[in-house]
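Undergrad: For reference, this is data_39.cif, and it has mmCIF, C-alpha atoms.
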data_work
loop_
_atom_site.group_PDB
_atom_site.id
_atom_site.type_symbol
_atom_site.label_atom_id
_atom_site.label_comp_id
_atom_site.auth_asym_id
_atom_site.auth_seq_id
_atom_site.Cartn_x
_atom_site.Cartn_y
_atom_site.Cartn_z
ATOM 1 C CA MET A 1 -18.728 -22.024 -56.806
ATOM 2 C CA ASN A 2 -18.062 -25.668 -57.680
ATOM 3 C CA LEU A 3 -20.881 -28.239 -57.543
ATOM 4 C CA PRO A 4 -19.379 -31.758 -57.706
ATOM 5 C CA VAL A 5 -21.360 -34.253 -59.766
ATOM 6 C CA ASP A 6 -21.201 -36.836 -56.955
ATOM 7 C CA PHE A 7 -22.849 -34.385 -54.548
ATOM 8 C CA LEU A 8 -25.521 -33.507 -57.101
ATOM 9 C CA ARG A 9 -26.177 -37.189 -57.776
ATOM 10 C CA THR A 10 -26.655 -37.834 -54.061
ATOM 11 C CA PHE A 11 -28.928 -34.791 -53.807
ATOM 12 C CA VAL A 12 -31.110 -36.080 -56.659
ATOM 13 C CA ARG A 13 -31.378 -39.544 -55.085
ATOM 14 C CA VAL A 14 -32.433 -38.069 -51.718
ATOM 15 C CA VAL A 15 -35.139 -36.065 -53.529
ATOM 16 C CA ASP A 16 -36.373 -39.068 -55.503
ATOM 17 C CA LEU A 17 -36.390 -41.518 -52.600
ATOM 18 C CA GLY A 18 -37.432 -39.048 -49.891
ATOM 19 C CA SER A 19 -34.918 -40.449 -47.447
ATOM 20 C CA PHE A 20 -31.232 -40.092 -46.610
ATOM 21 C CA THR A 21 -31.158 -43.768 -45.622
ATOM 22 C CA LEU A 22 -32.652 -45.055 -48.888
ATOM 23 C CA ALA A 23 -30.435 -42.720 -50.888
ATOM 24 C CA GLY A 24 -27.385 -44.068 -49.049
ATOM 25 C CA GLN A 25 -28.376 -47.652 -49.823
ATOM 26 C CA ASP A 26 -28.855 -46.692 -53.457
ATOM 27 C CA VAL A 27 -25.487 -44.979 -53.946
ATOM 28 C CA GLY A 28 -23.550 -47.360 -51.688
ATOM 29 C CA ARG A 29 -22.928 -44.980 -48.799
ATOM 30 C CA THR A 30 -23.970 -44.772 -45.180
ATOM 31 C CA GLN A 31 -26.679 -42.359 -44.067
ATOM 32 C CA SER A 32 -24.063 -40.224 -42.330
ATOM 33 C CA ALA A 33 -21.976 -40.066 -45.518
ATOM 34 C CA VAL A 34 -25.036 -38.955 -47.486
ATOM 35 C CA SER A 35 -25.836 -36.318 -44.851
ATOM 36 C CA GLN A 36 -22.269 -35.062 -45.014
ATOM 37 C CA GLN A 37 -22.392 -34.754 -48.805
ATOM 38 C CA ILE A 38 -25.637 -32.801 -48.593
ATOM 39 C CA ARG A 39 -24.183 -30.505 -45.946
ATOM 40 C CA ARG A 40 -21.124 -29.858 -48.115
ATOM 41 C CA LEU A 41 -23.363 -29.149 -51.093
ATOM 42 C CA GLU A 42 -25.377 -26.722 -48.951
ATOM 43 C CA GLU A 43 -22.132 -25.037 -47.936
ATOM 44 C CA GLN A 44 -21.211 -24.652 -51.612
ATOM 45 C CA VAL A 45 -24.624 -23.206 -52.453
ATOM 46 C CA GLY A 46 -24.797 -21.117 -49.294
ATOM 47 C CA ARG A 47 -28.416 -22.135 -48.663
ATOM 48 C CA LEU A 48 -30.259 -24.990 -46.964
ATOM 49 C CA LEU A 49 -31.617 -27.427 -49.544
ATOM 50 C CA PHE A 50 -33.871 -29.539 -47.284
ATOM 51 C CA ASP A 51 -36.338 -28.648 -44.558
ATOM 52 C CA ARG A 52 -35.632 -31.219 -41.852
ATOM 53 C CA SER A 53 -38.074 -29.840 -39.265
ATOM 54 C CA GLY A 54 -41.035 -32.127 -40.001
ATOM 55 C CA ARG A 55 -41.562 -35.861 -40.205
ATOM 56 C CA GLU A 56 -41.274 -35.776 -43.986
ATOM 57 C CA LEU A 57 -38.167 -34.527 -45.769
ATOM 58 C CA ARG A 58 -39.045 -31.519 -47.928
ATOM 59 C CA LEU A 59 -37.138 -29.301 -50.306
ATOM 60 C CA THR A 60 -36.593 -25.653 -49.416
ATOM 61 C CA PRO A 61 -37.110 -23.009 -52.131
ATOM 62 C CA ALA A 62 -33.372 -23.213 -52.828
ATOM 63 C CA GLY A 63 -33.626 -26.991 -53.144
ATOM 64 C CA GLU A 64 -36.556 -26.661 -55.542
ATOM 65 C CA ALA A 65 -34.536 -24.206 -57.635
ATOM 66 C CA LEU A 66 -31.475 -26.461 -57.716
ATOM 67 C CA GLN A 67 -33.340 -29.686 -58.525
ATOM 68 C CA PRO A 68 -33.826 -29.323 -62.325
ATOM 69 C CA TYR A 69 -30.254 -28.104 -62.827
ATOM 70 C CA ALA A 70 -28.870 -30.961 -60.730
ATOM 71 C CA ARG A 71 -30.801 -33.491 -62.797
ATOM 72 C CA ARG A 72 -29.577 -32.022 -66.071
ATOM 73 C CA LEU A 73 -25.948 -31.871 -64.921
ATOM 74 C CA VAL A 74 -25.975 -35.484 -63.711
ATOM 75 C CA LYS A 75 -27.713 -36.636 -66.903
ATOM 76 C CA THR A 76 -25.273 -34.740 -69.140
ATOM 77 C CA HIS A 77 -22.322 -36.198 -67.242
ATOM 78 C CA ASP A 78 -23.657 -39.757 -67.609
ATOM 79 C CA GLU A 79 -24.418 -39.257 -71.311
ATOM 80 C CA ALA A 80 -20.883 -38.016 -71.923
ATOM 81 C CA VAL A 81 -19.401 -41.046 -70.158
ATOM 82 C CA SER A 82 -21.684 -43.362 -72.140
ATOM 83 C CA THR A 83 -20.784 -41.766 -75.464
ATOM 84 C CA LEU A 84 -17.066 -42.054 -74.839
ATOM 85 C CA SER A 85 -17.120 -45.563 -73.374
ATOM 86 C CA GLU A 86 -19.796 -47.189 -75.579
ATOM 87 C CA PRO A 87 -19.852 -45.330 -78.914
ATOM 88 C CA ASP A 88 -21.058 -48.269 -81.048
ATOM 89 C CA MET A 89 -23.716 -49.811 -78.829
ATOM 90 C CA THR A 90 -26.152 -52.088 -80.668
ATOM 91 C CA GLY A 91 -28.708 -54.718 -79.740
ATOM 92 C CA GLN A 92 -32.297 -55.152 -78.609
ATOM 93 C CA VAL A 93 -33.970 -54.386 -75.285
ATOM 94 C CA ARG A 94 -37.382 -55.784 -74.314
ATOM 95 C CA MET A 95 -38.800 -53.453 -71.681
ATOM 96 C CA GLY A 96 -41.965 -53.848 -69.650
ATOM 97 C CA ILE A 97 -43.532 -50.911 -67.839
ATOM 98 C CA LEU A 98 -46.704 -50.260 -65.887
ATOM 99 C CA ASP A 99 -49.465 -48.607 -67.871
ATOM 100 C CA ASP A 100 -49.574 -45.980 -65.088
ATOM 101 C CA PHE A 101 -46.230 -44.525 -66.171
ATOM 102 C CA ALA A 102 -46.144 -45.072 -69.929
ATOM 103 C CA PRO A 103 -48.389 -42.264 -71.292
ATOM 104 C CA TYR A 104 -46.855 -39.395 -69.325
ATOM 105 C CA TYR A 105 -43.187 -40.323 -69.048
ATOM 106 C CA LEU A 106 -42.147 -42.857 -71.670
ATOM 107 C CA PRO A 107 -42.229 -40.749 -74.901
ATOM 108 C CA PRO A 108 -39.438 -38.297 -73.942
ATOM 109 C CA ILE A 109 -37.376 -41.149 -72.467
ATOM 110 C CA LEU A 110 -37.544 -43.169 -75.677
ATOM 111 C CA GLU A 111 -36.910 -40.106 -77.817
ATOM 112 C CA ALA A 112 -33.761 -39.188 -75.898
ATOM 113 C CA PHE A 113 -32.512 -42.788 -75.777
ATOM 114 C CA ALA A 114 -32.989 -43.217 -79.527
ATOM 115 C CA ALA A 115 -31.022 -40.042 -80.167
ATOM 116 C CA ASP A 116 -28.126 -41.280 -78.000
ATOM 117 C CA HIS A 117 -28.261 -44.924 -79.125
ATOM 118 C CA PRO A 118 -29.858 -45.058 -82.602
ATOM 119 C CA ARG A 119 -28.694 -48.628 -83.254
ATOM 120 C CA VAL A 120 -30.438 -50.117 -80.214
ATOM 121 C CA GLN A 121 -33.911 -51.544 -80.862
ATOM 122 C CA VAL A 122 -36.369 -51.061 -77.984
ATOM 123 C CA ASP A 123 -39.513 -53.190 -77.683
ATOM 124 C CA VAL A 124 -41.995 -51.892 -75.099
ATOM 125 C CA ARG A 125 -44.740 -53.865 -73.392
ATOM 126 C CA CYS A 126 -47.235 -52.085 -71.133
ATOM 127 C CA GLU A 127 -49.059 -54.041 -68.436
ATOM 128 C CA TYR A 128 -51.710 -53.172 -65.874
ATOM 129 C CA SER A 129 -50.112 -55.010 -62.940
ATOM 130 C CA SER A 130 -46.686 -55.408 -61.400
ATOM 131 C CA ARG A 131 -47.302 -59.127 -61.009
ATOM 132 C CA ALA A 132 -47.675 -59.525 -64.761
ATOM 133 C CA LEU A 133 -44.397 -57.699 -65.365
ATOM 134 C CA ILE A 134 -42.564 -59.813 -62.794
ATOM 135 C CA ARG A 135 -43.862 -63.022 -64.411
ATOM 136 C CA LEU A 136 -42.724 -61.855 -67.853
ATOM 137 C CA LEU A 137 -39.301 -60.952 -66.484
ATOM 138 C CA GLU A 138 -38.931 -64.310 -64.725
ATOM 139 C CA SER A 139 -39.967 -66.196 -67.873
ATOM 140 C CA GLY A 140 -37.316 -64.425 -69.920
ATOM 141 C CA GLU A 141 -39.786 -62.495 -72.072
ATOM 142 C CA LEU A 142 -38.489 -59.142 -70.768
ATOM 143 C CA ASP A 143 -34.997 -57.780 -70.180
ATOM 144 C CA LEU A 144 -36.060 -54.826 -68.065
ATOM 145 C CA SER A 145 -39.109 -54.074 -65.918
ATOM 146 C CA VAL A 146 -40.477 -50.901 -64.299
ATOM 147 C CA ASP A 147 -43.208 -51.548 -61.729
ATOM 148 C CA SER A 148 -44.331 -50.433 -58.271
ATOM 149 C CA GLY A 149 -45.211 -51.840 -54.885
ATOM 150 C CA ALA A 150 -44.859 -51.664 -51.120
ATOM 151 C CA ALA A 151 -41.213 -52.742 -51.072
ATOM 152 C CA ALA A 152 -38.431 -53.854 -53.367
ATOM 153 C CA THR A 153 -38.879 -57.302 -54.893
ATOM 154 C CA PRO A 154 -35.925 -59.737 -55.240
ATOM 155 C CA GLY A 155 -33.416 -58.380 -57.725
ATOM 156 C CA SER A 156 -35.144 -55.011 -58.045
ATOM 157 C CA ARG A 157 -33.900 -51.555 -57.195
ATOM 158 C CA ILE A 158 -35.990 -48.716 -55.805
ATOM 159 C CA ILE A 159 -35.667 -45.724 -58.129
ATOM 160 C CA GLY A 160 -38.439 -43.450 -56.856
ATOM 161 C CA ARG A 161 -41.561 -42.887 -54.779
ATOM 162 C CA ASP A 162 -45.147 -42.451 -55.913
ATOM 163 C CA PRO A 163 -47.506 -41.308 -53.123
ATOM 164 C CA LEU A 164 -51.021 -42.719 -53.388
ATOM 165 C CA VAL A 165 -53.683 -39.970 -53.265
ATOM 166 C CA TRP A 166 -57.445 -39.653 -53.496
ATOM 167 C CA VAL A 167 -58.638 -37.707 -56.544
ATOM 168 C CA ALA A 168 -61.999 -36.343 -57.623
ATOM 169 C CA SER A 169 -63.494 -34.030 -60.212
ATOM 170 C CA ARG A 170 -63.273 -30.316 -59.409
ATOM 171 C CA ASN A 171 -66.698 -29.807 -61.012
ATOM 172 C CA HIS A 172 -68.646 -32.390 -59.008
ATOM 173 C CA LEU A 173 -69.212 -33.337 -55.382
ATOM 174 C CA ALA A 174 -68.613 -37.082 -55.358
ATOM 175 C CA HIS A 175 -66.289 -36.681 -52.362
ATOM 176 C CA GLU A 176 -69.145 -35.212 -50.296
ATOM 177 C CA MET A 177 -71.515 -38.155 -50.856
ATOM 178 C CA ASN A 178 -72.330 -40.657 -48.128
ATOM 179 C CA PRO A 179 -71.507 -43.473 -48.543
ATOM 180 C CA LEU A 180 -68.441 -42.410 -50.542
ATOM 181 C CA PRO A 181 -68.565 -43.694 -54.147
ATOM 182 C CA VAL A 182 -65.201 -45.222 -55.040
ATOM 183 C CA ALA A 183 -63.627 -46.284 -58.345
ATOM 184 C CA VAL A 184 -60.871 -48.863 -57.866
ATOM 185 C CA PHE A 185 -58.635 -51.254 -59.757
ATOM 186 C CA ASP A 186 -59.106 -55.017 -59.993
ATOM 187 C CA LYS A 187 -59.070 -57.202 -56.864
ATOM 188 C CA ASN A 188 -55.389 -58.152 -57.073
ATOM 189 C CA CYS A 189 -54.237 -54.524 -57.240
ATOM 190 C CA LEU A 190 -52.251 -53.277 -54.239
ATOM 191 C CA TYR A 191 -53.658 -49.750 -54.637
ATOM 192 C CA ARG A 192 -57.188 -51.117 -54.267
ATOM 193 C CA GLN A 193 -56.218 -53.099 -51.164
ATOM 194 C CA TRP A 194 -54.557 -50.062 -49.579
ATOM 195 C CA ALA A 195 -57.451 -47.734 -50.362
ATOM 196 C CA LEU A 196 -60.201 -50.004 -49.066
ATOM 197 C CA ALA A 197 -58.195 -50.898 -45.955
ATOM 198 C CA ALA A 198 -57.688 -47.190 -45.212
ATOM 199 C CA LEU A 199 -61.410 -46.477 -45.555
ATOM 200 C CA GLU A 200 -62.347 -49.415 -43.352
ATOM 201 C CA LYS A 201 -59.787 -48.468 -40.700
ATOM 202 C CA ALA A 202 -61.089 -44.888 -40.660
ATOM 203 C CA GLY A 203 -64.698 -46.100 -40.387
ATOM 204 C CA LYS A 204 -65.588 -44.212 -43.578
ATOM 205 C CA PRO A 205 -68.751 -45.573 -45.245
ATOM 206 C CA PHE A 206 -68.135 -46.322 -48.934
ATOM 207 C CA ARG A 207 -69.407 -48.262 -51.896
ATOM 208 C CA ILE A 208 -67.452 -49.565 -54.871
ATOM 209 C CA CYS A 209 -69.228 -48.270 -57.938
ATOM 210 C CA TYR A 210 -66.603 -48.698 -60.689
ATOM 211 C CA THR A 211 -63.697 -51.061 -61.295
ATOM 212 C CA SER A 212 -61.110 -51.207 -64.064
ATOM 213 C CA PRO A 213 -57.664 -52.760 -64.574
ATOM 214 C CA SER A 214 -56.317 -49.526 -66.063
ATOM 215 C CA VAL A 215 -55.588 -46.026 -64.824
ATOM 216 C CA SER A 216 -57.588 -44.531 -67.690
ATOM 217 C CA GLY A 217 -60.637 -46.600 -66.748
ATOM 218 C CA VAL A 218 -60.539 -45.675 -63.050
ATOM 219 C CA LEU A 219 -59.778 -42.056 -63.886
ATOM 220 C CA ALA A 220 -62.744 -41.847 -66.272
ATOM 221 C CA ALA A 221 -65.181 -42.449 -63.417
ATOM 222 C CA ALA A 222 -63.500 -39.750 -61.312
ATOM 223 C CA VAL A 223 -63.404 -37.232 -64.183
ATOM 224 C CA ALA A 224 -67.112 -37.814 -64.785
ATOM 225 C CA GLY A 225 -67.798 -36.944 -61.144
ATOM 226 C CA LEU A 226 -69.191 -40.397 -60.415
ATOM 227 C CA ALA A 227 -66.596 -41.459 -57.842
ATOM 228 C CA VAL A 228 -63.359 -40.676 -56.064
ATOM 229 C CA ALA A 229 -60.350 -42.795 -56.948
ATOM 230 C CA PRO A 230 -57.006 -43.782 -55.374
ATOM 231 C CA LEU A 231 -54.210 -43.057 -57.851
ATOM 232 C CA GLY A 232 -50.474 -42.693 -57.785
ATOM 233 C CA LEU A 233 -49.590 -39.012 -57.802
ATOM 234 C CA SER A 234 -47.621 -39.625 -61.000
ATOM 235 C CA SER A 235 -50.882 -40.479 -62.819
ATOM 236 C CA VAL A 236 -53.026 -37.549 -61.667
ATOM 237 C CA PRO A 237 -53.940 -34.995 -64.373
ATOM 238 C CA SER A 238 -53.494 -31.384 -63.301
ATOM 239 C CA GLU A 239 -57.198 -30.616 -63.651
ATOM 240 C CA MET A 240 -58.170 -33.148 -60.966
ATOM 241 C CA LEU A 241 -58.778 -32.269 -57.307
ATOM 242 C CA ILE A 242 -56.405 -34.008 -54.898
ATOM 243 C CA LEU A 243 -58.319 -34.753 -51.712
ATOM 244 C CA GLY A 244 -56.848 -34.410 -48.236
ATOM 245 C CA GLU A 245 -58.015 -35.291 -44.758
ATOM 246 C CA GLU A 246 -59.928 -32.003 -44.701
ATOM 247 C CA HIS A 247 -62.227 -33.605 -47.299
ATOM 248 C CA GLY A 248 -62.957 -36.521 -44.968
ATOM 249 C CA VAL A 249 -60.774 -39.140 -46.678
ATOM 250 C CA PRO A 250 -58.008 -41.061 -44.873
ATOM 251 C CA PRO A 251 -54.307 -40.734 -45.803
ATOM 252 C CA LEU A 252 -52.843 -43.394 -48.091
ATOM 253 C CA PRO A 253 -49.404 -45.100 -48.222
ATOM 254 C CA VAL A 254 -46.517 -44.359 -50.541
ATOM 255 C CA SER A 255 -45.686 -46.792 -53.331
ATOM 256 C CA PHE A 256 -42.105 -47.422 -54.406
ATOM 257 C CA ILE A 257 -41.136 -47.506 -58.067
ATOM 258 C CA MET A 258 -38.840 -50.437 -58.860
ATOM 259 C CA LEU A 259 -36.546 -51.165 -61.766
ATOM 260 C CA THR A 260 -35.404 -54.743 -62.367
ATOM 261 C CA HIS A 261 -32.961 -56.401 -64.734
ATOM 262 C CA ARG A 262 -30.391 -59.183 -64.505
ATOM 263 C CA PRO A 263 -27.078 -58.167 -62.878
ATOM 264 C CA ASP A 264 -25.260 -59.528 -65.936
ATOM 265 C CA ALA A 265 -27.525 -57.690 -68.396
ATOM 266 C CA PRO A 266 -25.778 -56.477 -71.580
ATOM 267 C CA GLY A 267 -24.833 -52.846 -72.134
ATOM 268 C CA PRO A 268 -27.979 -51.754 -74.006
ATOM 269 C CA VAL A 269 -30.211 -52.977 -71.163
ATOM 270 C CA LYS A 270 -28.180 -51.143 -68.532
ATOM 271 C CA ARG A 271 -28.069 -47.944 -70.603
ATOM 272 C CA LEU A 272 -31.838 -47.983 -71.132
ATOM 273 C CA ALA A 273 -32.336 -48.703 -67.408
ATOM 274 C CA ALA A 274 -30.269 -45.627 -66.549
ATOM 275 C CA ALA A 275 -32.202 -43.525 -69.079
ATOM 276 C CA VAL A 276 -35.545 -44.728 -67.717
ATOM 277 C CA GLU A 277 -34.548 -43.981 -64.124
ATOM 278 C CA ALA A 278 -33.321 -40.483 -64.922
ATOM 279 C CA GLY A 279 -36.220 -39.645 -67.248
ATOM 280 C CA LEU A 280 -38.919 -41.020 -64.994
ATOM 281 C CA ASN A 281 -37.754 -39.131 -61.932
ATOM 282 C CA GLU A 282 -37.158 -35.934 -63.882
ATOM 283 C CA GLY A 283 -40.655 -36.140 -65.357
ATOM 284 C CA MET A 284 -42.274 -36.913 -62.010
ATOM 285 C CA ALA A 285 -40.418 -34.093 -60.269
ATOM 286 C CA GLY A 286 -41.532 -31.597 -62.894
ATOM 287 C CA ARG A 287 -45.075 -32.904 -62.761
ATOM 288 C CA ARG A 288 -45.262 -32.527 -58.964
ATOM 289 C CA LEU A 289 -44.046 -28.950 -59.204
ATOM 290 C CA ARG A 290 -46.867 -28.166 -61.639
ATOM 291 C CA MET A 291 -49.551 -29.914 -59.587
ATOM 292 C CA PRO A 292 -51.872 -27.607 -57.637
ATOM 293 C CA LYS A 293 -51.912 -28.001 -53.888
ATOM 294 C CA PRO A 294 -54.807 -29.877 -52.258
ATOM 295 C CA GLN A 295 -57.761 -27.535 -51.784
ATOM 296 C CA ALA A 296 -60.361 -27.380 -49.055
ATOM 297 C CA SER A 297 -63.902 -28.316 -49.961
ATOM 298 C CA ALA A 298 -66.097 -25.441 -51.083
ATOM 299 C CA GLY A 299 -68.817 -26.834 -48.863
#
Here is a file; write its structure as structure tokens.

TA:
Amino acid sequence: MNLPVDFLRTFVRVVDLGSFTLAGQDVGRTQSAVSQQIRRLEEQVGRLLFDRSGRELRLTPAGEALQPYARRLVKTHDEAVSTLSEPDMTGQVRMGILDDFAPYYLPPILEAFAADHPRVQVDVRCEYSSRALIRLLESGELDLSVDSGAAATPGSRIIGRDPLVWVASRNHLAHEMNPLPVAVFDKNCLYRQWALAALEKAGKPFRICYTSPSVSGVLAAAVAGLAVAPLGLSSVPSEMLILGEEHGVPPLPVSFIMLTHRPDAPGPVKRLAAAVEAGLNEGMAGRRLRMPKPQASAG
């Protein structure tokens, strides 16, 4: 059995972006070309990798099993190419990243990048909003930005998806209260706008009882059982209850994760961008696999 790196790379991008079309745009191929590569990979494996029967593209058990190996093989290939083509890389990279992603995913990314490129200095700035990161990038204070939103911003590239979900404490019944107590981000936050719009559209009575600019602040209210909160799936601790429509809350949109840097960025910036993309999606994929499935209310 031979598993070509190009096929594995395409497979990983389809998983991360949840779409053959988006994956094709990302790797510079048509949707039909991406579909053909996936079919050829499935022929090599001898198993279907995606369940195409529903509205949402899902991995089969074989696809779930292949995913971590595919990521490692693609990453190892890219590291080998980098080592041989850029053995003496030096310089400084000023990276900005949303506070949502930094605590869970950034440490292993920086550790691995430092091991591969010990002479590159990385300065990290965490922000609470994508708008702040975009302003810093436009002003020249950052070389690289990782943020999220409803669609790609000018010059950015979609590198992943982060579904927005309602979360609550497993030990309390905040999600059964009427009106629903909600903890949300500041007024300019897209997640807040999406969540409140979904509640209003569904005719669900609610009251805003806590606000915070940070994930940790919003999450604290949910952990304490004082409110439910809309969070990106990437930020949800495993001990939290993910609410579904069976709990009486409306579905929420999916946010896209974007990576932005200048097209003419120097080598260190591009290498860190590649490391961030690979590490972030690998970490998120592993985290989703460990997350418990939404549970029905005990009441």

Undergrad: Going by the chain IDs and residue numbers used in this file, which residues fall under the PyMOL selection byres ((chain A and resi 259-276) around 10)? Write them as a VMD selection string.

TA: chain A and resid 75 78 to 79 82 86 89 to 97 105 to 106 108 to 110 112 to 114 116 to 117 119 to 122 133 to 134 137 to 138 142 to 148 152 to 160 256 to 258 277 to 282

Undergrad: Output the selection as a short mmCIF file (atom, residue, chain, number, x, y, z; two decimals), in the coordinates of the input - C-alpha atoms for each residue.

TA:
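Okay, this is what ended up in out-v9.cif:
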data_model
loop_
_atom_site.label_atom_id
_atom_site.label_comp_id
_atom_site.auth_asym_id
_atom_site.auth_seq_id
_atom_site.Cartn_x
_atom_site.Cartn_y
_atom_site.Cartn_z
CA LYS A 75 -27.71 -36.64 -66.90
CA ASP A 78 -23.66 -39.76 -67.61
CA GLU A 79 -24.42 -39.26 -71.31
CA SER A 82 -21.68 -43.36 -72.14
CA GLU A 86 -19.80 -47.19 -75.58
CA MET A 89 -23.72 -49.81 -78.83
CA THR A 90 -26.15 -52.09 -80.67
CA GLY A 91 -28.71 -54.72 -79.74
CA GLN A 92 -32.30 -55.15 -78.61
CA VAL A 93 -33.97 -54.39 -75.28
CA ARG A 94 -37.38 -55.78 -74.31
CA MET A 95 -38.80 -53.45 -71.68
CA GLY A 96 -41.96 -53.85 -69.65
CA ILE A 97 -43.53 -50.91 -67.84
CA TYR A 105 -43.19 -40.32 -69.05
CA LEU A 106 -42.15 -42.86 -71.67
CA PRO A 108 -39.44 -38.30 -73.94
CA ILE A 109 -37.38 -41.15 -72.47
CA LEU A 110 -37.54 -43.17 -75.68
CA ALA A 112 -33.76 -39.19 -75.90
CA PHE A 113 -32.51 -42.79 -75.78
CA ALA A 114 -32.99 -43.22 -79.53
CA ASP A 116 -28.13 -41.28 -78.00
CA HIS A 117 -28.26 -44.92 -79.12
CA ARG A 119 -28.69 -48.63 -83.25
CA VAL A 120 -30.44 -50.12 -80.21
CA GLN A 121 -33.91 -51.54 -80.86
CA VAL A 122 -36.37 -51.06 -77.98
CA LEU A 133 -44.40 -57.70 -65.36
CA ILE A 134 -42.56 -59.81 -62.79
CA LEU A 137 -39.30 -60.95 -66.48
CA GLU A 138 -38.93 -64.31 -64.72
CA LEU A 142 -38.49 -59.14 -70.77
CA ASP A 143 -35.00 -57.78 -70.18
CA LEU A 144 -36.06 -54.83 -68.06
CA SER A 145 -39.11 -54.07 -65.92
CA VAL A 146 -40.48 -50.90 -64.30
CA ASP A 147 -43.21 -51.55 -61.73
CA SER A 148 -44.33 -50.43 -58.27
CA ALA A 152 -38.43 -53.85 -53.37
CA THR A 153 -38.88 -57.30 -54.89
CA PRO A 154 -35.92 -59.74 -55.24
CA GLY A 155 -33.42 -58.38 -57.72
CA SER A 156 -35.14 -55.01 -58.04
CA ARG A 157 -33.90 -51.56 -57.20
CA ILE A 158 -35.99 -48.72 -55.80
CA ILE A 159 -35.67 -45.72 -58.13
CA GLY A 160 -38.44 -43.45 -56.86
CA PHE A 256 -42.10 -47.42 -54.41
CA ILE A 257 -41.14 -47.51 -58.07
CA MET A 258 -38.84 -50.44 -58.86
CA GLU A 277 -34.55 -43.98 -64.12
CA ALA A 278 -33.32 -40.48 -64.92
CA GLY A 279 -36.22 -39.65 -67.25
CA LEU A 280 -38.92 -41.02 -64.99
CA ASN A 281 -37.75 -39.13 -61.93
CA GLU A 282 -37.16 -35.93 -63.88
#

Undergrad: So which residues get picked by the PyMOL selection byres ((chain A and resi 41) around 10) here, written as a list of chain:residue names?

TA: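 With the PyMOL selection byres ((chain A and resi 41) around 10) on this model, the match is A:Asn2, A:Leu3, A:Pro4, A:Asp6, A:Phe7, A:Leu8, A:Thr10, A:Phe11, A:Ser35, A:Gln36, A:Gln37, A:Ile38, A:Arg39, A:Arg40, A:Glu42, A:Glu43, A:Gln44, A:Val45, A:Gly46, A:Arg47, A:Leu48, A:Leu49.
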
Undergrad: The selected residues should be written to file as a short mmCIF file (atom, residue, chain, number, x, y, z; two decimals), in the coordinates of the input (atoms: C-alpha atoms).

TA:
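Done, and the output landed in part-v8.cif:
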data_model
loop_
_atom_site.label_atom_id
_atom_site.label_comp_id
_atom_site.auth_asym_id
_atom_site.auth_seq_id
_atom_site.Cartn_x
_atom_site.Cartn_y
_atom_site.Cartn_z
CA ASN A 2 -18.06 -25.67 -57.68
CA LEU A 3 -20.88 -28.24 -57.54
CA PRO A 4 -19.38 -31.76 -57.71
CA ASP A 6 -21.20 -36.84 -56.96
CA PHE A 7 -22.85 -34.38 -54.55
CA LEU A 8 -25.52 -33.51 -57.10
CA THR A 10 -26.66 -37.83 -54.06
CA PHE A 11 -28.93 -34.79 -53.81
CA SER A 35 -25.84 -36.32 -44.85
CA GLN A 36 -22.27 -35.06 -45.01
CA GLN A 37 -22.39 -34.75 -48.80
CA ILE A 38 -25.64 -32.80 -48.59
CA ARG A 39 -24.18 -30.50 -45.95
CA ARG A 40 -21.12 -29.86 -48.12
CA GLU A 42 -25.38 -26.72 -48.95
CA GLU A 43 -22.13 -25.04 -47.94
CA GLN A 44 -21.21 -24.65 -51.61
CA VAL A 45 -24.62 -23.21 -52.45
CA GLY A 46 -24.80 -21.12 -49.29
CA ARG A 47 -28.42 -22.14 -48.66
CA LEU A 48 -30.26 -24.99 -46.96
CA LEU A 49 -31.62 -27.43 -49.54
#

Undergrad: Give as a PyMOL selection string every residue, naming chains and numbers as the document does, that has an atom within 10 Å of (-57.4, -34.8, -62.0), counting all atoms listed in the file.

TA: chain A and resi 166-170+219-220+222-223+229+231+233+235-242+291

Undergrad: Can you write just those residues out, C-alpha atoms, as a PDB file, keeping the file's coordinate frame?

TA:
ATOM      1  CA  TRP A 166     -57.445 -39.653 -53.496  1.00  0.00           C
ATOM      2  CA  VAL A 167     -58.638 -37.707 -56.544  1.00  0.00           C
ATOM      3  CA  ALA A 168     -61.999 -36.343 -57.623  1.00  0.00           C
ATOM      4  CA  SER A 169     -63.494 -34.030 -60.212  1.00  0.00           C
ATOM      5  CA  ARG A 170     -63.273 -30.316 -59.409  1.00  0.00           C
ATOM      6  CA  LEU A 219     -59.778 -42.056 -63.886  1.00  0.00           C
ATOM      7  CA  ALA A 220     -62.744 -41.847 -66.272  1.00  0.00           C
ATOM      8  CA  ALA A 222     -63.500 -39.750 -61.312  1.00  0.00           C
ATOM      9  CA  VAL A 223     -63.404 -37.232 -64.183  1.00  0.00           C
ATOM     10  CA  ALA A 229     -60.350 -42.795 -56.948  1.00  0.00           C
ATOM     11  CA  LEU A 231     -54.210 -43.057 -57.851  1.00  0.00           C
ATOM     12  CA  LEU A 233     -49.590 -39.012 -57.802  1.00  0.00           C
ATOM     13  CA  SER A 235     -50.882 -40.479 -62.819  1.00  0.00           C
ATOM     14  CA  VAL A 236     -53.026 -37.549 -61.667  1.00  0.00           C
ATOM     15  CA  PRO A 237     -53.940 -34.995 -64.373  1.00  0.00           C
ATOM     16  CA  SER A 238     -53.494 -31.384 -63.301  1.00  0.00           C
ATOM     17  CA  GLU A 239     -57.198 -30.616 -63.651  1.00  0.00           C
ATOM     18  CA  MET A 240     -58.170 -33.148 -60.966  1.00  0.00           C
ATOM     19  CA  LEU A 241     -58.778 -32.269 -57.307  1.00  0.00           C
ATOM     20  CA  ILE A 242     -56.405 -34.008 -54.898  1.00  0.00           C
ATOM     21  CA  MET A 291     -49.551 -29.914 -59.587  1.00  0.00           C
TER      22      MET A 291
END
